[in-house]
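Visitor: Supplied structure: input.pdb, PDB, C-alpha atoms, pLDDT in the B column.
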ATOM      1  CA  MET V   1       3.947   5.563  14.022  1.00 60.00           C
ATOM      2  CA  ASP V   2       6.581   8.236  14.566  1.00 78.00           C
ATOM      3  CA  THR V   3       7.383  10.996  12.119  1.00 77.00           C
ATOM      4  CA  GLU V   4      10.591   9.370  10.852  1.00 81.00           C
ATOM      5  CA  ASN V   5       8.621   6.291   9.765  1.00 87.00           C
ATOM      6  CA  LEU V   6       6.048   8.559   8.145  1.00 86.00           C
ATOM      7  CA  LEU V   7       8.785  10.344   6.194  1.00 88.00           C
ATOM      8  CA  ARG V   8      10.235   7.018   5.051  1.00 90.00           C
ATOM      9  CA  ARG V   9       6.792   5.843   3.893  1.00 91.00           C
ATOM     10  CA  ILE V  10       6.315   9.035   1.889  1.00 90.00           C
ATOM     11  CA  GLU V  11       9.764   8.685   0.333  1.00 91.00           C
ATOM     12  CA  LYS V  12       9.220   5.000  -0.471  1.00 93.00           C
ATOM     13  CA  ARG V  13       5.805   5.546  -2.036  1.00 93.00           C
ATOM     14  CA  SER V  14       7.088   8.503  -4.026  1.00 92.00           C
ATOM     15  CA  VAL V  15       9.851   6.373  -5.538  1.00 92.00           C
ATOM     16  CA  ILE V  16       7.405   3.508  -6.175  1.00 93.00           C
ATOM     17  CA  ILE V  17       5.175   5.869  -8.168  1.00 93.00           C
ATOM     18  CA  LEU V  18       7.759   8.136  -9.811  1.00 93.00           C
ATOM     19  CA  PHE V  19      10.181   5.488 -11.103  1.00 93.00           C
ATOM     20  CA  PRO V  20       7.660   3.612 -13.300  1.00 93.00           C
ATOM     21  CA  VAL V  21       6.240   6.931 -14.513  1.00 92.00           C
ATOM     22  CA  MET V  22       9.760   8.013 -15.497  1.00 92.00           C
ATOM     23  CA  VAL V  23      10.355   4.750 -17.390  1.00 92.00           C
ATOM     24  CA  ILE V  24       7.013   4.992 -19.195  1.00 93.00           C
ATOM     25  CA  THR V  25       7.677   8.635 -20.044  1.00 92.00           C
ATOM     26  CA  TYR V  26      11.112   7.722 -21.423  1.00 91.00           C
ATOM     27  CA  ILE V  27       9.569   5.059 -23.654  1.00 91.00           C
ATOM     28  CA  ILE V  28       6.718   7.293 -24.844  1.00 91.00           C
ATOM     29  CA  ALA V  29       9.095  10.206 -25.500  1.00 86.00           C
ATOM     30  CA  GLY V  30      11.165   7.994 -27.788  1.00 86.00           C
ATOM     31  CA  GLY V  31      14.304   7.991 -25.668  1.00 83.00           C
ATOM     32  CA  ASN V  32      14.235  11.695 -24.857  1.00 86.00           C
ATOM     33  CA  VAL V  33      15.636  12.043 -21.321  1.00 88.00           C
ATOM     34  CA  ILE V  34      14.313  15.567 -20.693  1.00 89.00           C
ATOM     35  CA  PHE V  35      10.856  14.435 -19.518  1.00 90.00           C
ATOM     36  CA  PRO V  36      11.914  11.668 -17.092  1.00 92.00           C
ATOM     37  CA  LEU V  37      14.769  13.824 -15.811  1.00 90.00           C
ATOM     38  CA  SER V  38      12.326  16.660 -15.166  1.00 90.00           C
ATOM     39  CA  ILE V  39       9.997  14.332 -13.261  1.00 91.00           C
ATOM     40  CA  MET V  40      12.894  13.001 -11.196  1.00 92.00           C
ATOM     41  CA  ILE V  41      14.224  16.450 -10.288  1.00 90.00           C
ATOM     42  CA  GLY V  42      10.727  17.666  -9.378  1.00 90.00           C
ATOM     43  CA  GLY V  43      10.251  14.649  -7.122  1.00 92.00           C
ATOM     44  CA  LEU V  44      13.667  15.094  -5.504  1.00 91.00           C
ATOM     45  CA  ILE V  45      12.982  18.748  -4.785  1.00 89.00           C
ATOM     46  CA  GLY V  46       9.606  17.786  -3.314  1.00 90.00           C
ATOM     47  CA  LEU V  47      11.245  15.201  -1.056  1.00 91.00           C
ATOM     48  CA  GLY V  48      13.989  17.659  -0.098  1.00 88.00           C
ATOM     49  CA  ASN V  49      11.325  20.202   0.776  1.00 85.00           C
ATOM     50  CA  LEU V  50       9.589  17.626   2.971  1.00 86.00           C
ATOM     51  CA  ARG V  51      12.850  16.833   4.804  1.00 85.00           C
ATOM     52  CA  LEU V  52      13.563  20.525   5.387  1.00 81.00           C
ATOM     53  CA  ILE V  53      10.064  21.059   6.754  1.00 80.00           C
ATOM     54  CA  SER V  54      10.542  18.103   9.094  1.00 81.00           C
ATOM     55  CA  ILE V  55      13.910  19.374  10.341  1.00 76.00           C
ATOM     56  CA  THR V  56      12.520  22.861  10.827  1.00 74.00           C
ATOM     57  CA  VAL V  57       9.457  21.726  12.745  1.00 72.00           C
ATOM     58  CA  SER V  58      11.417  19.353  14.971  1.00 72.00           C
ATOM     59  CA  GLY V  59      13.825  22.189  15.756  1.00 66.00           C
ATOM     60  CA  VAL V  60      11.007  24.526  16.753  1.00 65.00           C
ATOM     61  CA  ILE V  61       9.186  22.233  19.141  1.00 68.00           C
ATOM     62  CA  GLY V  62      10.005  23.378  22.647  1.00 60.00           C
ATOM     63  CA  HIS V  63      12.338  26.211  21.656  1.00 63.00           C
ATOM     64  CA  GLN V  64      11.127  29.782  21.866  1.00 60.00           C
ATOM     65  CA  LYS V  65      14.215  31.308  20.206  1.00 64.00           C
ATOM     66  CA  ALA V  66      14.008  28.896  17.290  1.00 65.00           C
ATOM     67  CA  LYS V  67      11.087  30.785  15.736  1.00 69.00           C
ATOM     68  CA  LYS V  68      13.432  33.378  14.190  1.00 72.00           C
ATOM     69  CA  VAL V  69      15.552  30.597  12.761  1.00 72.00           C
ATOM     70  CA  VAL V  70      12.459  28.938  11.291  1.00 72.00           C
ATOM     71  CA  VAL V  71      11.388  32.141   9.567  1.00 74.00           C
ATOM     72  CA  PHE V  72      14.911  32.622   8.213  1.00 79.00           C
ATOM     73  CA  LEU V  73      15.144  29.019   6.954  1.00 76.00           C
ATOM     74  CA  SER V  74      11.714  29.267   5.356  1.00 77.00           C
ATOM     75  CA  ILE V  75      12.744  32.391   3.461  1.00 83.00           C
ATOM     76  CA  ILE V  76      15.984  30.714   2.333  1.00 85.00           C
ATOM     77  CA  LYS V  77      14.120  27.569   1.234  1.00 80.00           C
ATOM     78  CA  LEU V  78      11.513  29.545  -0.698  1.00 82.00           C
ATOM     79  CA  SER V  79      14.200  31.684  -2.344  1.00 88.00           C
ATOM     80  CA  PHE V  80      16.120  28.561  -3.348  1.00 84.00           C
ATOM     81  CA  LEU V  81      13.008  27.008  -4.881  1.00 81.00           C
ATOM     82  CA  ILE V  82      12.215  30.204  -6.796  1.00 85.00           C
ATOM     83  CA  LEU V  83      15.793  30.379  -8.115  1.00 87.00           C
ATOM     84  CA  ILE V  84      15.640  26.767  -9.290  1.00 79.00           C
ATOM     85  CA  LEU V  85      12.336  27.333 -11.075  1.00 79.00           C
ATOM     86  CA  TYR V  86      13.640  30.538 -12.646  1.00 84.00           C
ATOM     87  CA  ALA V  87      16.801  28.789 -13.881  1.00 82.00           C
ATOM     88  CA  ILE V  88      14.742  25.951 -15.324  1.00 77.00           C
ATOM     89  CA  LEU V  89      12.478  28.350 -17.181  1.00 76.00           C
ATOM     90  CA  LYS V  90      15.255  30.653 -18.345  1.00 83.00           C
ATOM     91  CA  MET V  91      17.678  28.001 -19.618  1.00 81.00           C
ATOM     92  CA  GLN V  92      14.978  25.594 -20.750  1.00 80.00           C
ATOM     93  CA  LEU V  93      16.925  22.707 -19.210  1.00 79.00           C
ATOM     94  CA  LEU V  94      13.874  20.762 -18.163  1.00 84.00           C
ATOM     95  CA  ASN V  95      10.254  20.453 -19.091  1.00 87.00           C
ATOM     96  CA  ILE V  96       8.418  22.582 -16.551  1.00 85.00           C
ATOM     97  CA  LEU V  97       5.193  20.528 -16.687  1.00 89.00           C
ATOM     98  CA  ALA V  98       7.076  17.274 -16.053  1.00 90.00           C
ATOM     99  CA  PHE V  99       9.003  18.992 -13.237  1.00 88.00           C
ATOM    100  CA  LEU V 100       5.770  20.173 -11.632  1.00 89.00           C
ATOM    101  CA  PHE V 101       4.261  16.715 -12.085  1.00 92.00           C
ATOM    102  CA  GLY V 102       7.124  15.144 -10.113  1.00 93.00           C
ATOM    103  CA  PHE V 103       6.798  17.786  -7.400  1.00 91.00           C
ATOM    104  CA  MET V 104       3.015  17.376  -7.207  1.00 93.00           C
ATOM    105  CA  VAL V 105       3.211  13.575  -6.954  1.00 93.00           C
ATOM    106  CA  VAL V 106       5.264  13.969  -3.785  1.00 92.00           C
ATOM    107  CA  THR V 107       2.876  16.631  -2.482  1.00 92.00           C
ATOM    108  CA  VAL V 108      -0.202  14.460  -3.076  1.00 93.00           C
ATOM    109  CA  ILE V 109       1.490  11.487  -1.386  1.00 93.00           C
ATOM    110  CA  MET V 110       2.319  13.736   1.592  1.00 91.00           C
ATOM    111  CA  ILE V 111      -1.332  14.769   1.873  1.00 91.00           C
ATOM    112  CA  ILE V 112      -2.650  11.202   1.594  1.00 92.00           C
ATOM    113  CA  GLU V 113      -0.124   9.818   4.096  1.00 90.00           C
ATOM    114  CA  GLY V 114      -0.856  12.725   6.448  1.00 87.00           C
ATOM    115  CA  ILE V 115      -4.570  11.940   6.363  1.00 91.00           C
ATOM    116  CA  ILE V 116      -3.887   8.251   6.991  1.00 89.00           C
ATOM    117  CA  TYR V 117      -1.509   9.138   9.837  1.00 86.00           C
ATOM    118  CA  SER V 118      -4.001  11.508  11.466  1.00 86.00           C
ATOM    119  CA  ARG V 119      -6.761   8.883  11.402  1.00 86.00           C
ATOM    120  CA  SER V 120      -4.638   6.200  13.065  1.00 79.00           C
TER     121      SER V 120
END
Show me this structure written as structure tokens.
Guide:
Amino acid sequence: MDTENLLRRIEKRSVIILFPVMVITYIIAGGNVIFPLSIMIGGLIGLGNLRLISITVSGVIGHQKAKKVVVFLSIIKLSFLILILYAILKMQLLNILAFLFGFMVVTVIMIIEGIIYSRS
């Protein structure tokens, strides 16, 4: 399996898990959209992070000069993530625990799929 198929599997499984959780959360919260929206945004940021990591790593392989670009992109990505989390906390737009839950679901799926991929 190549890395593009691995990325698609992670994305597909993330949606398969996050969508029902969002629906259940919406029902339990009595129609409050803050919780499912927070889960969705956390998951999307997790998937975006995965894509950026993939692009960065594929750009580095075989290129000596690309290491400076990778460091720069990593700093930009981390700064962007910190700014998003700060804005969420400051403006109280989303529920931070639901946001982190969505992000962590994607992270756990990445770890599980990575283990499966490495064993095959």
Visitor: Grab the atom CA of Phe101 of chain V to atom CA of Ser54 of chain V distance for me, in Å with one decimal place.
Guide: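 So the answer is 22.1 Å.
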Visitor: As an exercise, work out the distance from atom CA of Ile28 of chain V to atom CA of Ile96 of chain V in Å and give it to one decimal place.
Guide: 17.5 Å
Visitor: How many Å separate atom CA of Tyr26 of chain V from atom CA of Phe80 of chain V?
Guide: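 Taking atom CA of Tyr26 of chain V as the start and atom CA of Phe80 of chain V as the end point, the length is 28.0 Å.
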Visitor: Hey, which of V:Asn5, V:Val69, V:Arg13, V:Leu93 ends up closest to Thr56 of chain V? Count all atoms listed in the file.
Guide: V:Val69
Visitor: Tell me which residues the PyMOL selection byres ((chain V and resi 107-109) around 8) grabs here, as a PyMOL selection string.
Guide: chain V and resi 10+13-14+46+103-106+110-113
Visitor: Output C-alpha atoms of each residue in that selection to a file, as a short mmCIF file (atom, residue, chain, number, x, y, z; two decimals), keeping the file's coordinate frame.
Guide:
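The resulting out.cif:
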data_model
loop_
_atom_site.label_atom_id
_atom_site.label_comp_id
_atom_site.auth_asym_id
_atom_site.auth_seq_id
_atom_site.Cartn_x
_atom_site.Cartn_y
_atom_site.Cartn_z
CA ILE V 10 6.32 9.04 1.89
CA ARG V 13 5.80 5.55 -2.04
CA SER V 14 7.09 8.50 -4.03
CA GLY V 46 9.61 17.79 -3.31
CA PHE V 103 6.80 17.79 -7.40
CA MET V 104 3.02 17.38 -7.21
CA VAL V 105 3.21 13.58 -6.95
CA VAL V 106 5.26 13.97 -3.78
CA MET V 110 2.32 13.74 1.59
CA ILE V 111 -1.33 14.77 1.87
CA ILE V 112 -2.65 11.20 1.59
CA GLU V 113 -0.12 9.82 4.10
#
Visitor: Between V:Ile41, V:Ser118, V:Lys90, V:Leu50, which residue has the minimum interatomic distance to Phe19 of chain V, considering only C-alpha atoms?
Guide: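 Going through V:Ile41, V:Ser118, V:Lys90, V:Leu50 one by one, the smallest distance to Phe19 of chain V is for V:Ile41.
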Visitor: Return the single residue from V:Ala87, V:Ile34, V:Ile45, V:Ile39 that is closest to Pro20 of chain V, with distances computed using all atoms listed in the file.
Guide: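 So, comparing all the options, the nearest one is V:Ile39.
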Visitor: Go through V:Val23, V:Leu52, V:Ile116, V:Val57 and flag the residue nearest Leu6 of chain V, using all atoms listed in the file for the distances.
Guide: V:Ile116
Visitor: Which residues fall under the PyMOL selection byres ((chain V and resi 35-38) around 7) in this file, as a PyMOL selection string?
Guide: chain V and resi 22+25-26+32-34+39-42+94-95+98-99
Visitor: With distances taken over all atoms listed in the file, which residue among V:Ser58, V:Leu18, V:Asp2, V:Ile27 lies nearest Gly43 of chain V?
Guide: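 The shortest atom-to-atom distance to Gly43 of chain V comes from V:Leu18.
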Visitor: Under the rule that all atoms listed in the file are counted, which of V:Val15, V:Leu83, V:Leu89, V:Val70 is the nearest residue to Leu44 of chain V?
Guide: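 Among V:Val15, V:Leu83, V:Leu89, V:Val70, it is V:Val15 that comes nearest to Leu44 of chain V.
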